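Structure file run34.txt (compact mmCIF, C-alpha atoms and all ligand atoms) follows.
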```txt
# COMPACT_ATOMS: atom_id res chain seq x y z
CA MET L 1 138.80 125.40 68.42
CA GLY L 2 138.86 126.53 64.82
CA LEU L 3 136.04 128.96 65.51
CA PRO L 4 135.90 132.56 64.25
CA GLN L 5 137.61 134.90 66.72
CA VAL L 6 134.39 136.80 67.32
CA GLU L 7 132.72 133.61 68.57
CA VAL L 8 135.67 132.78 70.81
CA GLU L 9 135.35 136.26 72.35
CA LEU L 10 131.61 135.80 72.77
CA LEU L 11 132.14 132.45 74.53
CA ARG L 12 134.71 134.08 76.78
CA ILE L 13 132.27 136.85 77.74
CA ILE L 14 129.38 134.46 78.42
CA VAL L 15 131.53 132.17 80.56
CA ARG L 16 132.91 135.13 82.49
CA LEU L 17 129.56 136.74 83.13
CA SER L 18 127.31 133.74 83.69
CA SER L 19 126.17 133.26 87.26
CA ASN L 20 124.32 130.02 86.37
CA LEU L 21 127.35 127.86 85.70
CA ARG L 22 127.52 124.91 88.05
CA SER L 23 131.27 124.41 87.47
CA LEU L 24 134.11 126.78 86.83
CA TRP L 25 134.88 126.91 83.14
CA THR L 26 137.49 128.90 81.29
CA VAL L 27 137.74 129.38 77.54
CA SER L 28 140.96 128.06 76.11
CA GLU L 29 142.18 127.88 72.58
CA SER L 30 144.69 125.13 73.27
CA GLN L 31 144.18 121.49 74.07
CA PRO L 32 143.69 119.20 75.96
CA CYS L 33 140.40 120.41 77.36
CA ASP L 34 137.14 119.07 78.74
CA LEU L 35 134.91 120.40 75.97
CA LEU L 36 136.02 121.04 72.40
CA LEU L 37 133.73 123.16 70.20
CA VAL L 38 134.45 122.51 66.54
CA ASP L 39 133.28 124.36 63.50
CA GLY L 40 130.45 122.30 61.98
CA ASP L 41 131.92 122.94 58.54
CA ALA L 42 135.39 121.71 59.48
CA PRO L 43 136.61 118.46 57.91
CA ALA L 44 135.14 115.38 59.54
CA ALA L 45 138.64 114.21 60.45
CA GLU L 46 138.94 117.06 62.92
CA ARG L 47 135.88 115.78 64.70
CA GLN L 48 137.05 112.18 64.69
CA THR L 49 140.26 112.82 66.61
CA PRO L 50 139.05 114.56 69.73
CA SER L 51 141.48 115.37 72.51
CA ALA L 52 138.64 116.40 74.77
CA ARG L 53 136.10 114.55 76.87
CA PHE L 54 133.30 116.10 74.83
CA VAL L 55 133.44 117.27 71.22
CA VAL L 56 130.49 119.41 70.20
CA PRO L 57 130.00 120.70 66.63
CA MET L 58 128.69 124.21 66.12
CA VAL L 59 125.99 124.29 63.48
CA ALA L 60 123.63 126.80 61.94
CA ARG L 61 120.44 127.28 63.96
CA GLY L 62 117.85 124.74 62.79
CA GLU L 63 120.49 122.47 61.24
CA ALA L 64 121.11 120.60 64.47
CA VAL L 65 117.77 118.84 64.65
CA ALA L 66 117.67 118.11 60.93
CA ALA L 67 121.17 116.63 60.72
CA ALA L 68 121.50 114.58 63.91
CA PRO L 69 118.63 114.92 66.32
CA ALA L 70 120.29 112.91 69.09
CA ARG L 71 123.68 114.61 68.80
CA ARG L 72 124.74 117.36 71.18
CA THR L 73 125.42 120.55 69.18
CA LEU L 74 125.65 124.27 69.79
CA ALA L 75 123.72 126.51 67.44
CA ARG L 76 124.89 129.71 65.80
CA PRO L 77 124.33 132.51 66.59
CA ILE L 78 125.19 131.52 70.13
CA TYR L 79 122.56 132.14 72.81
CA ALA L 80 124.01 132.57 76.28
CA GLU L 81 121.42 130.32 77.94
CA GLU L 82 122.09 127.49 75.46
CA LEU L 83 125.82 127.64 76.05
CA VAL L 84 125.33 127.66 79.83
CA ALA L 85 122.94 124.67 79.57
CA LEU L 86 125.56 122.80 77.52
CA LEU L 87 128.34 123.59 80.01
CA ASN L 88 126.15 122.47 82.91
CA GLN L 89 125.34 119.22 81.08
CA VAL L 90 128.97 118.27 80.52
CA ALA L 91 130.41 119.80 83.72
CA PRO L 92 133.65 118.10 84.81
CA SER L 93 132.45 115.41 87.15
CA GLY L 94 135.61 114.59 89.09
CA ALA L 95 135.92 117.77 91.16
CA SER L 96 133.97 116.73 94.24
CA GLY L 97 135.77 113.35 94.44
CA ASP L 98 139.13 115.09 93.98
CA ALA L 99 138.26 117.53 96.73
CA ALA L 100 137.33 114.72 99.08
CA ARG L 101 140.63 112.96 98.41
CA ALA L 102 142.63 116.13 98.95
CA MET L 103 140.89 116.89 102.20
CA VAL L 104 142.36 113.69 103.63
CA ARG L 105 145.62 115.65 103.93
CA SER L 106 145.90 118.33 106.56
CA ILE L 107 145.47 121.87 105.27
CA ARG L 108 148.90 122.55 106.78
CA ALA L 109 150.69 119.79 104.83
CA ARG L 110 153.15 121.41 102.46
CA ALA L 111 153.99 120.38 98.94
CA SER L 112 155.83 121.74 95.93
CA LEU L 113 155.72 121.03 92.21
CA ILE L 114 158.04 118.62 90.45
CA ARG L 115 156.69 119.66 87.06
CA TRP L 116 154.32 122.32 85.75
CA PRO L 117 150.73 120.95 85.97
CA SER L 118 148.71 119.72 83.02
CA GLN L 119 146.44 122.15 81.22
CA VAL L 120 143.42 120.00 82.09
CA THR L 121 144.06 120.71 85.77
CA LEU L 122 145.01 124.38 85.34
CA GLN L 123 141.96 125.19 83.27
CA ARG L 124 139.58 124.15 86.02
CA HIS L 125 139.88 127.45 87.86
CA PRO L 126 141.36 130.83 86.87
CA ILE L 127 143.35 131.09 90.12
CA TYR L 128 145.15 127.77 89.60
CA VAL L 129 147.89 129.21 87.38
CA ARG L 130 148.95 131.72 90.03
CA LEU L 131 148.79 129.09 92.78
CA ALA L 132 150.91 126.78 90.64
CA ALA L 133 153.40 129.62 90.16
CA ALA L 134 153.73 129.83 93.96
CA LEU L 135 154.18 126.06 94.22
CA SER L 136 156.83 126.15 91.49
CA LYS L 137 159.11 128.19 93.72
CA SER L 138 158.41 126.94 97.24
CA ALA L 139 156.52 124.39 99.31
CA GLN L 140 153.03 125.61 100.18
CA SER L 141 150.05 124.20 102.04
CA ALA L 142 146.36 124.59 101.21
CA GLU L 143 146.29 127.07 104.06
CA SER L 144 149.19 129.21 102.79
CA LEU L 145 147.91 129.09 99.21
CA SER L 146 144.56 130.30 100.46
CA VAL L 147 146.28 133.34 101.99
CA LEU L 148 148.37 134.00 98.88
CA GLY L 149 145.47 133.69 96.48
CA ARG L 150 142.86 135.13 98.87
CA ILE L 151 140.54 132.24 98.11
CA ASP L 152 138.81 129.52 100.02
CA VAL L 153 141.12 126.93 101.60
CA GLN L 154 138.93 124.13 100.26
CA GLU L 155 139.56 125.27 96.68
CA CYS L 156 143.30 125.11 97.43
CA SER L 157 142.91 121.60 98.88
CA THR L 158 141.08 120.55 95.72
CA PHE L 159 143.90 121.98 93.65
CA LEU L 160 146.55 120.11 95.65
CA GLY L 161 144.44 116.95 95.31
CA LEU L 162 144.35 117.32 91.53
CA LEU L 163 148.09 117.92 91.40
CA GLU L 164 148.76 114.90 93.57
CA GLU L 165 146.56 112.77 91.36
CA GLU L 166 148.53 113.70 88.26
CA GLY L 167 151.83 113.06 90.05
CA ALA L 168 153.03 116.67 89.90
CA LEU L 169 153.64 117.15 93.63
CA THR L 170 156.17 116.24 96.23
CA TRP L 171 155.11 116.61 99.88
CA SER L 172 157.36 117.86 102.63
CA GLU L 173 157.00 116.89 106.26
CA GLU L 174 157.33 120.35 107.67
CA ALA L 175 154.16 122.33 108.45
CA ARG L 176 154.03 125.94 109.45
CA ALA L 177 151.33 128.53 109.78
CA PRO L 178 151.31 131.02 106.88
CA ARG L 179 152.13 134.66 107.41
CA PRO L 180 149.67 137.23 106.16
CA SER L 181 150.50 138.06 102.58
CA GLY L 182 152.55 141.24 102.09
CA LEU L 183 152.48 141.56 98.32
CA ALA L 184 149.62 139.73 96.57
CA PRO L 185 147.04 140.39 95.46
CA ALA L 186 147.62 144.11 95.76
CA ALA L 187 150.78 143.84 93.71
CA ARG L 188 149.00 142.76 90.59
CA PRO L 189 148.97 144.67 87.37
CA ARG L 190 145.51 145.98 86.70
CA SER L 191 144.16 144.34 83.57
CA THR L 192 141.60 145.57 81.11
CA SER L 193 138.58 144.23 82.92
CA GLY L 194 137.30 143.30 86.35
CA ALA L 195 139.29 143.29 89.54
CA CYS L 196 142.65 142.96 87.88
CA SER L 197 142.94 145.86 85.49
CA LEU L 198 145.92 147.83 84.31
CA ALA L 199 146.11 151.42 85.39
CA SER L 200 144.55 153.66 82.81
CA ALA L 201 147.26 155.34 80.78
CA ASP L 202 148.75 157.95 83.06
CA ALA L 203 151.56 159.86 81.46
CA SER L 204 152.88 161.13 84.78
CA GLY L 205 153.51 157.45 85.58
CA TRP L 206 155.86 157.11 88.47
CA PRO L 207 154.68 157.02 92.08
CA GLU L 208 155.93 159.75 94.36
CA GLN L 209 159.45 159.32 95.71
CA GLY L 210 159.85 158.30 99.33
CA THR L 211 156.48 156.56 99.58
CA GLY L 212 158.04 153.17 100.28
CA MET L 213 156.72 151.84 96.99
CA ARG L 214 158.81 149.17 95.41
CA ASP L 215 160.24 148.88 91.97
CA PHE L 216 160.50 145.62 90.02
CA LYS L 217 162.57 145.16 86.93
CA LEU L 218 161.30 142.41 84.64
CA VAL L 219 162.88 141.32 81.35
CA PHE L 220 161.11 139.91 78.28
CA THR L 221 163.24 137.78 76.02
CA GLY L 222 162.75 135.32 73.16
CA PRO L 223 163.50 134.80 69.48
CA MET L 224 163.11 137.42 66.80
CA GLY L 225 159.53 138.35 65.98
CA VAL L 226 157.97 136.48 68.89
CA GLY L 227 156.29 139.64 70.19
CA LYS L 228 158.49 141.15 72.93
CA THR L 229 158.02 144.71 71.69
CA THR L 230 154.30 144.02 71.16
CA ALA L 231 153.85 142.59 74.67
CA ILE L 232 155.54 145.54 76.37
CA ALA L 233 153.55 148.00 74.27
CA ALA L 234 150.33 146.12 75.17
CA ILE L 235 150.67 146.83 78.87
CA SER L 236 152.94 149.85 79.24
CA GLU L 237 150.99 152.77 80.66
CA THR L 238 153.33 155.29 79.10
CA ALA L 239 154.44 155.30 75.48
CA PRO L 240 156.92 152.43 75.32
CA ILE L 241 160.47 153.21 74.33
CA ALA L 242 161.47 150.96 71.46
CA THR L 243 164.66 151.03 69.43
CA GLU L 244 163.29 149.72 66.16
CA VAL L 245 164.99 149.73 62.76
CA ALA L 246 163.84 148.34 59.41
CA ASN L 247 164.06 144.55 59.42
CA ALA L 248 166.51 143.21 56.86
CA ASP L 249 166.06 139.56 57.97
CA THR L 250 163.72 138.01 55.42
CA SER L 251 163.25 134.83 57.50
CA VAL L 252 160.91 136.80 59.79
CA ALA L 253 158.17 138.67 57.96
CA LYS L 254 157.83 141.95 59.81
CA ALA L 255 158.68 145.54 59.04
CA THR L 256 160.93 146.40 62.01
CA THR L 257 163.17 144.74 64.56
CA THR L 258 164.56 145.84 67.93
CA VAL L 259 168.25 146.67 67.96
CA GLY L 260 168.80 148.00 71.49
CA LEU L 261 166.04 147.35 73.97
CA ASP L 262 162.38 147.94 74.68
CA PHE L 263 161.22 149.75 77.78
CA GLY L 264 157.80 150.20 79.30
CA GLN L 265 156.35 150.69 82.75
CA VAL L 266 153.30 149.66 84.71
CA THR L 267 151.96 150.80 88.09
CA LEU L 268 150.54 148.05 90.26
CA ASP L 269 147.35 148.31 92.31
CA ASN L 270 149.38 148.98 95.45
CA GLY L 271 151.50 151.70 93.84
CA ASP L 272 154.57 149.52 93.27
CA ARG L 273 155.93 149.88 89.79
CA LEU L 274 157.16 147.47 87.16
CA ARG L 275 159.88 148.40 84.75
CA LEU L 276 159.69 146.15 81.72
CA TYR L 277 162.66 145.60 79.42
CA GLY L 278 162.68 143.68 76.15
CA THR L 279 165.81 142.19 74.64
CA PRO L 280 166.57 142.42 70.91
CA GLY L 281 165.72 139.10 69.21
CA GLN L 282 168.54 138.94 66.66
CA SER L 283 171.39 136.72 67.81
CA ARG L 284 174.03 139.36 66.98
CA PHE L 285 172.70 141.29 69.98
CA ASP L 286 173.02 138.39 72.46
CA PHE L 287 175.52 140.47 74.44
CA MET L 288 172.58 142.64 75.54
CA TRP L 289 171.03 139.73 77.45
CA LYS L 290 173.51 139.89 80.30
CA ILE L 291 173.31 143.65 80.48
CA LEU L 292 169.52 143.75 80.57
CA VAL L 293 169.04 140.91 83.02
CA ARG L 294 171.40 142.46 85.57
CA ASP L 295 169.35 143.54 88.63
CA ALA L 296 166.18 142.07 87.16
CA LEU L 297 163.74 140.32 89.49
CA GLY L 298 162.06 138.18 86.86
CA LEU L 299 162.44 136.89 83.33
CA ALA L 300 159.68 136.14 80.83
CA ILE L 301 160.70 133.95 77.90
CA LEU L 302 158.37 134.31 74.92
CA LEU L 303 158.20 131.53 72.33
CA ASP L 304 156.41 131.47 68.98
CA ASN L 305 154.86 128.08 68.20
CA SER L 306 154.83 128.86 64.47
CA ARG L 307 158.63 128.94 64.32
CA PRO L 308 160.40 125.88 62.88
CA ASP L 309 161.58 124.42 66.22
CA PRO L 310 160.19 126.26 69.23
CA MET L 311 161.48 123.56 71.61
CA ALA L 312 165.02 124.31 70.40
CA ASP L 313 164.29 128.02 70.92
CA LEU L 314 163.33 127.29 74.51
CA ALA L 315 166.54 125.32 75.07
CA GLN L 316 168.57 128.18 73.59
CA TYR L 317 167.08 130.73 75.99
CA LEU L 318 167.29 128.43 79.02
CA ASP L 319 170.98 127.91 78.24
CA GLY L 320 171.59 131.57 77.49
CA PHE L 321 169.98 132.69 80.76
CA ALA L 322 171.12 129.69 82.86
CA GLY L 323 172.97 131.91 85.34
CA ALA L 324 170.02 134.26 85.77
CA LEU L 325 167.59 131.36 86.14
CA GLU L 326 169.46 130.13 89.20
CA ARG L 327 168.55 133.27 91.06
CA MET L 328 165.40 134.74 89.55
CA PRO L 329 161.84 133.69 88.76
CA CYS L 330 161.08 132.87 85.18
CA ALA L 331 157.89 132.19 83.23
CA VAL L 332 157.38 131.02 79.65
CA GLY L 333 154.69 132.42 77.33
CA VAL L 334 153.91 130.57 74.11
CA SER L 335 152.23 132.48 71.29
CA ARG L 336 150.34 131.34 68.17
CA LEU L 337 149.18 128.15 69.88
CA PRO L 338 145.68 128.32 68.34
CA SER L 339 147.10 128.13 64.80
CA HIS L 340 150.05 125.87 65.75
CA PRO L 341 148.85 123.59 68.55
CA THR L 342 152.03 121.51 68.81
CA PRO L 343 154.17 121.35 70.84
CA THR L 344 151.48 121.69 73.50
CA LEU L 345 152.05 123.42 76.82
CA ASP L 346 152.13 119.95 78.37
CA ASP L 347 154.94 119.00 75.96
CA TYR L 348 156.89 122.06 77.10
CA ALA L 349 156.24 121.15 80.74
CA GLN L 350 157.68 117.72 80.13
CA ALA L 351 160.76 119.15 78.39
CA LEU L 352 161.34 121.54 81.29
CA ALA L 353 160.90 118.75 83.85
CA ALA L 354 163.51 116.71 81.98
CA ARG L 355 165.92 119.59 82.71
CA GLY L 356 164.81 119.67 86.34
CA LEU L 357 162.90 122.92 85.84
CA VAL L 358 159.39 123.87 86.91
CA LEU L 359 158.44 127.12 85.19
CA PRO L 360 154.99 128.62 84.67
CA LEU L 361 153.85 127.99 81.10
CA LEU L 362 151.07 130.06 79.60
CA ALA L 363 149.48 130.46 76.20
CA VAL L 364 149.99 134.12 75.33
CA ASP L 365 148.95 136.39 72.53
CA PRO L 366 151.39 139.30 73.04
CA ARG L 367 148.83 141.69 71.55
CA ARG L 368 146.38 140.95 74.35
CA LYS L 369 146.90 142.96 77.53
CA ASP L 370 145.20 140.35 79.72
CA ASP L 371 147.50 137.60 78.47
CA VAL L 372 150.61 139.65 79.18
CA VAL L 373 149.24 140.56 82.61
CA ALA L 374 148.61 136.88 83.39
CA LEU L 375 152.21 136.05 82.49
CA ILE L 376 153.54 138.85 84.68
CA GLU L 377 151.33 137.74 87.56
CA THR L 378 153.08 134.38 87.65
CA LEU L 379 156.40 136.21 87.99
CA LEU L 380 155.04 138.43 90.77
CA MET L 381 153.70 135.39 92.60
CA GLN L 382 157.09 133.72 92.45
CA ILE L 383 158.80 136.91 93.61
CA GLU L 384 156.40 137.11 96.53
CA VAL L 385 156.94 133.58 97.81
CA LEU L 386 160.71 133.95 97.53
CA ASP L 387 160.42 137.23 99.41
CA GLU L 388 158.47 135.49 102.16
CA GLU L 389 160.97 132.67 102.40
CA ALA L 390 163.81 135.14 102.73
CA ALA L 391 162.01 137.08 105.48
CA PRO L 392 163.36 136.40 108.99
N1 LIG W 401 148.42 136.65 64.72
C1 LIG W 401 149.28 136.74 65.72
N2 LIG W 401 150.23 137.67 65.64
C2 LIG W 401 151.11 137.74 66.63
C3 LIG W 401 151.04 136.90 67.74
N3 LIG W 401 152.08 137.18 68.54
C4 LIG W 401 152.75 138.18 67.95
N4 LIG W 401 152.17 138.53 66.78
C5 LIG W 401 152.61 139.56 65.84
O1 LIG W 401 153.98 139.29 65.58
C6 LIG W 401 154.72 140.51 65.51
C7 LIG W 401 155.80 140.50 66.60
O2 LIG W 401 156.61 141.63 66.41
P1 LIG W 401 157.50 142.29 67.57
O3 LIG W 401 156.67 142.59 68.76
O4 LIG W 401 158.23 143.40 66.93
O5 LIG W 401 158.46 141.09 67.90
P2 LIG W 401 159.81 141.16 68.76
O6 LIG W 401 159.88 139.91 69.56
O7 LIG W 401 159.92 142.44 69.50
O8 LIG W 401 160.87 141.08 67.57
P3 LIG W 401 162.45 141.54 67.57
O9 LIG W 401 162.57 142.82 68.28
O10 LIG W 401 162.77 141.67 66.10
O11 LIG W 401 163.18 140.42 68.19
C8 LIG W 401 153.72 141.63 65.72
O12 LIG W 401 153.31 142.10 64.46
C9 LIG W 401 152.56 140.94 66.45
O13 LIG W 401 151.34 141.57 66.17
C10 LIG W 401 149.98 135.95 67.83
O14 LIG W 401 149.86 135.20 68.81
N5 LIG W 401 149.13 135.92 66.79
MG MG W 402 161.32 143.87 69.44
```
Let me see the structure of the file written as structure tokens.
Amino acid sequence: MGLPQVEVELLRIIVRLSSNLRSLWTVSESQPCDLLLVDGDAPAAERQTPSARFVVPMVARGEAVAAAPARRTLARPIYAEELVALLNQVAPSGASGDAARAMVRSIRARASLIRWPSQVTLQRHPIYVRLAAALSKSAQSAESLSVLGRIDVQECSTFLGLLEEEGALTWSEEARAPRPSGLAPAARPRSTSGACSLASADASGWPEQGTGMRDFKLVFTGPMGVGKTTAIAAISETAPIATEVANADTSVAKATTTVGLDFGQVTLDNGDRLRLYGTPGQSRFDFMWKILVRDALGLAILLDNSRPDPMADLAQYLDGFAGALERMPCAVGVSRLPSHPTPTLDDYAQALAARGLVLPLLAVDPRRKDDVVALIETLLMQIEVLDEEAAP
């Protein structure tokens, strides 16, 4: 968006808290999107190449009327009611038609993903990313998604309708009634705010032995400096264990680098615990990958969009973990997208589909707890649906 970070945060808060929004909006810093807010002072070229249905300049209060009375603008400082009015004016119009189309299918009809959905679809509702994670691993119906996500079945039908429309689904004949969910949403890391918040730092950490609580080992991997250590530190409820030494590699500008592993832990809402391991990024420690991924239940690949060829990085990690990927859920988090918008998440989705892979793809800032939680939630959702499939 090219807006100051404080304004992005303010927009996020208003959108989250507003009860007057007629459609579900989420604030994204990557494109494509329905509404693009651009800095009024940015070069005109930025405004002339919109990749959004609506491009709205942000201007100083009072400037709007003087400069272009007929033009839609948003004034600074932002007033909540003006932002809400703008969002209601340009609300995505297709949703009701999409819902109607999707409802033509039975709520028991099952489908799975043939590629990760477009960001335009995923950004329509915060739950869609987790539902897509379920669909990436197994065929689901609107009815079963509704149980998994604990949301209205009609919302799930709408989602399937949108996916069908963009050609991301394949339907299967079989229809079965869903079982009550055993893991989600209780098994979600608690994030910083709202219903999904990380446990407050509790040094005693581990749940009591013999309580039947489960233990999940997840591994974070990715190139040097992408933010594996940062991501684990962002969510670990105990002081993370990191094996850092001074960084002698001048190609990556940071003070330290991991030479052994990172380790952190998180307690889920239901008492289950996550053990998080980070691999060292330097290629001379590649031998650690196999050791760390042994017994893991999920793998998060972090990519840095500011690196010279992040697509090649992705290919390197998919190849390096090919064996593990056959048996365990994986999700991909891409950092520094706001400053380096290409490749887009949709470009990554296409590259994965070309390899026959459907993996959750999320924009992630490893310093932000909520972003890391969202990435982990896609892994937990995949683990849950595989668990259900394996159940007798
Ligand atoms: N501005 C910005 N900084 C980021 C972002 N993601 C990561 N960083 C910074 O990049 C650095 C990443 O460092 P680490 O967490 O040590 O990276 P790592 O992947 O563990 O690196 P190795 O262990 O050397 O492989 C940290 O200083 C983060 O604050 C981002 O999206 N934006
Ligand atoms: Mg590290």
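Residues in contact with Phe285 in chain L at up to 8 Å, not including ones fewer than 4 positions away on its chain and judged by all atoms listed in the file, are Val259, Gly260, Pro280, Gly281 and Trp289 of chain L.
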Best match for closeness to Thr267 in chain L among L:Ser236, L:Thr221, L:Ser28, L:Thr378, counting all atoms listed in the file: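 Comparing L:Ser236, L:Thr221, L:Ser28, L:Thr378 against Thr267 in chain L, the winner is L:Ser236.
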Distance criterion (only C-alpha atoms and all ligand atoms): nearest to ligand LIG 401 (chain W) out of L:Ile291, L:Val332, L:Ala253, L:Ala133: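 So, comparing all the options, the nearest one is L:Ala253.
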Atomic distance CA of Pro343 in chain L - atom O14 of ligand LIG 401 (chain W), expressed in Å with one decimal: 14.6 Å
Neighbourhood of ligand LIG 401 (chain W) at 8 Å, counting all atoms listed in the file, reported as a count of residues only: 33
Among listed residues L:Ala255, L:Ala315, L:Val84, L:Leu169, nearest ligand MG 402 (chain W) (using only C-alpha atoms and all ligand atoms): L:Ala255
Surrounding residues of Leu375 in chain L excluding itself and chain neighbours under 3 positions, 10 Å, all atoms listed in the file, as number ranges by chain: L: 129-130, 300-302, 330-333, 360-364, 370-372, 378-380
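Going from CA of Val59 in chain L over to CA of Arg76 in chain L, you cover 6.0 Å.
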From L:Leu274, L:Ala374, L:Leu292, L:Pro308, residue lying nearest Pro126 in chain L [only C-alpha atoms]: L:Ala374
Å distance separating CA of Phe263 in chain L from CA of Ala234 in chain L, one decimal place: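 If I compute the distance from CA of Phe263 in chain L to CA of Ala234 in chain L, I get 11.8 Å.
Remark: for ligand MG 402 (chain W), the closest of the candidate residues L:Ile232, L:Ile127, L:Leu163, L:Val8 is L:Ile232 (distances computed over all atoms listed in the file).
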Please define a box with edges along x, y and z of the file around all atoms of range 243-259 of chain L given in the file, extend it by 8 Å on each side, and return its centre and edge lengths in Å to one decimal, as JSON.
```
{"center_x": 163.0, "center_y": 142.9, "center_z": 62.4, "size_x": 26.4, "size_y": 32.2, "size_z": 30.0}
```
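Closest approach to ligand MG 402 (chain W) among L:Gly62, L:Pro32, L:Gly356, L:Pro240: L:Pro240, based on all atoms listed in the file.
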Take the point (159.7, 151.7, 82.7) in the file's coordinates, draw a sphere of radius 12 Å around it, and report as a compact mmCIF listing (two decimals) with C-alpha atoms, keeping the file's coordinate frame every protein, DNA or RNA residue with an atom inside or on it, counting all atoms listed in the file.
```txt
# COMPACT_ATOMS: atom_id res chain seq x y z
CA ALA L 203 151.56 159.86 81.46
CA SER L 204 152.88 161.13 84.78
CA GLY L 205 153.51 157.45 85.58
CA TRP L 206 155.86 157.11 88.47
CA PRO L 207 154.68 157.02 92.08
CA ASP L 215 160.24 148.88 91.97
CA PHE L 216 160.50 145.62 90.02
CA LYS L 217 162.57 145.16 86.93
CA LEU L 218 161.30 142.41 84.64
CA VAL L 219 162.88 141.32 81.35
CA ILE L 232 155.54 145.54 76.37
CA ALA L 233 153.55 148.00 74.27
CA ILE L 235 150.67 146.83 78.87
CA SER L 236 152.94 149.85 79.24
CA GLU L 237 150.99 152.77 80.66
CA THR L 238 153.33 155.29 79.10
CA ALA L 239 154.44 155.30 75.48
CA PRO L 240 156.92 152.43 75.32
CA ILE L 241 160.47 153.21 74.33
CA ALA L 242 161.47 150.96 71.46
CA LEU L 261 166.04 147.35 73.97
CA ASP L 262 162.38 147.94 74.68
CA PHE L 263 161.22 149.75 77.78
CA GLY L 264 157.80 150.20 79.30
CA GLN L 265 156.35 150.69 82.75
CA VAL L 266 153.30 149.66 84.71
CA THR L 267 151.96 150.80 88.09
CA ASP L 272 154.57 149.52 93.27
CA ARG L 273 155.93 149.88 89.79
CA LEU L 274 157.16 147.47 87.16
CA ARG L 275 159.88 148.40 84.75
CA LEU L 276 159.69 146.15 81.72
CA TYR L 277 162.66 145.60 79.42
CA GLY L 278 162.68 143.68 76.15
```
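If you count all atoms listed in the file and ignore residues fewer than 5 places along the chain from Leu17 in chain L, what sits within 12 Å of it is Leu10, Leu11, Arg12, Leu24, Trp25, Thr26, Ala80, Glu81, Val84, Ser193 and Gly194 of chain L.
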Those selected residues, please, written with C-alpha atoms and delivered as a PDB file, in the coordinates of the input.
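Saved as part33.pdb:
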```pdb
ATOM      1  CA  LEU L  10     131.610 135.800  72.770  1.00  0.00           C
ATOM      2  CA  LEU L  11     132.140 132.450  74.530  1.00  0.00           C
ATOM      3  CA  ARG L  12     134.710 134.080  76.780  1.00  0.00           C
ATOM      4  CA  LEU L  24     134.110 126.780  86.830  1.00  0.00           C
ATOM      5  CA  TRP L  25     134.880 126.910  83.140  1.00  0.00           C
ATOM      6  CA  THR L  26     137.490 128.900  81.290  1.00  0.00           C
ATOM      7  CA  ALA L  80     124.010 132.570  76.280  1.00  0.00           C
ATOM      8  CA  GLU L  81     121.420 130.320  77.940  1.00  0.00           C
ATOM      9  CA  VAL L  84     125.330 127.660  79.830  1.00  0.00           C
ATOM     10  CA  SER L 193     138.580 144.230  82.920  1.00  0.00           C
ATOM     11  CA  GLY L 194     137.300 143.300  86.350  1.00  0.00           C
TER      12      GLY L 194
END
```
Shell around Glu7 in chain L at 12 Å using only C-alpha atoms, local window under 4 positions removed, as a ChimeraX atom specification: /L:1-3,11-14,27,29,37-39,58,74-80,83
